[in-house]
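Here is the structure we will look at.
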Amino acid sequence: MQLGRATMVSKAKRELLPSSHLLLPSSMKNFASCFSEHAVKVSEPSCSGSSSSGNSLVVDTSCSVLSAVTCLYRTRLIATRKELLIRVAWCKGHADPVLSVGIEDNPPLDGWEPTAMNCQLLRKKKGSRAYATGDCAVRLHWDISSAKFGSGPEPIDGFYVVVVVNSELALSLGDMSEECTRRFEEALPVAESSMISRKEKVIGQGLHSTRARFRDDGGDHEITIRCKEDGWDAKESELSVTVDKKRVVHVRRLRWNFRGNQTLFIDGSPVDMMWDVHGWRFGNAPGWAVFMFRKRSALESRLWLEEETVDREKGGASGFSLLIQQAFKST
């Protein structure tokens with residue numbers, strides 16, 4: 001799996017909307033004060049492997065199926081230094097995967113959710129579309145007609161999604177994106193862009209594996225989440241999380257320990273991992289469990305929810321975040 005989050009603003013001096021508000025369910029925002037922190041070191045910076053930039057994610061769907069993926073990107077335009085939020089969502093349709101793209105050039109600081117973004121639903125497998133939103137002139141180009149998919153709705157290769165904003169290349173996704181941009185009448189300046197958050201909605205067994213990158217200059221890390229339940233009061237019910245095959249979280253008796261957190265050190269940086277399996281343990285079937293991984297920003301010294309106000313006041317950008325919502329079936 002991969003991780004990364006932050007927020008965008010349209011004015012240079014405007015405070016950044018903390019990325020923790022972008023994808024995190026309200027149920028996980030209410031219990032941070034109950035947590036104690038324990039650090040687990042997973043890897044050193046020298047062990048990070050690949051130095052390629054960006055936050056890409058590869059999912060192993062042998063034990064679970066992705067039903068929807070939502071990624072948020074922060075883009076800074078070169079000419080105006082305006083910052084944008086770009087939302088790219090993939091979900092399973094009745095016949096084919098469905099793609100939607102949205103752009104927000106002026107997100108409010110309080111109460112904003114990515115679902116409030118005016119998104120363009122791209123029903124055709126290939127095409128282009130021009131429209132205006134706020135002060136932005138937007139052109140979308142996409143082609144998933146020859147894309148290869150795993151068991152989830154997000155293509156693996158053979159596709160492109162290109163977003164042009166105010167005559168700048170704001171976002172370029174897919175292995176065929178260069179082929180698309182070469183057909184433009186003139187070369188466009190390339191804006192700064194990075195993934196700041198990713199949300200996965202998963203349906204399947206109590207085992208989900210993915211790969212994530214927690215920093216642009218770091219490598220991919222394998223993350224596996226396993227939930228096991230043997231009856232309502234079973235002592236054997238447990239949650240296990242591993243990073244690069246090293247167990248970093250092991251919780252027994254989930255009836256009493258259905259929420260918690262753990263601080264991990266990955267590539268030399270603190271990453272807060274939080275879990276909430278209350279919906280899975282006590283809700284109606286199938287029941288959703290929620291897992292959050294978030295890299296702390298340079299300004300944060302404690303559990304990230306406690307530092308949002310400080311981070312905003314100092315103008316800092318939050319770290320990358322990964323949210324997994326899974327309808328677990330016990331194994």
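Ordering of the structure tokens sets the chain letters (A, B, ...), residue numbers begin anew at 1 in every chain, and ligands are numbered from 1 in the order given.
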### Test item, helix (DSSP H, G or I) assignment across segment 88-216 of chain A, answer as a list in words
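The helix (DSSP H, G or I) residues within segment 88-216 of chain A come out as Pro114, Thr115, Ala116, Ser177, Glu178, Glu179, Cys180 and Thr181 of chain A.
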Could you give me, as a PyMOL selection string, each residue of segment 70-198 of chain A that DSSP assigns to strand (DSSP E or B) when run on this structure's backbone?
chain A and resi 70-76+83-91+98-104+119-122+126-133+136-143+148-149+155-157+160-165+168-173+190+192-198
Q) Which residues, written as a ChimeraX atom specification, have at least one atom at most 7 Å from Ile324 of chain A, with only C-alpha atoms counted and residues fewer than 5 positions away on the same chain left out? A) /A:199-201,290-292
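Between atom CA of Arg123 of chain A and atom CA of Pro97 of chain A the interatomic distance comes to 9.2 Å.
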Name the residues in contact with Gln120 of chain A at a cut-off of 8 Å, using only C-alpha atoms, excluding same-chain residues fewer than 4 positions from it; report them as a ChimeraX atom specification. /A:100-102
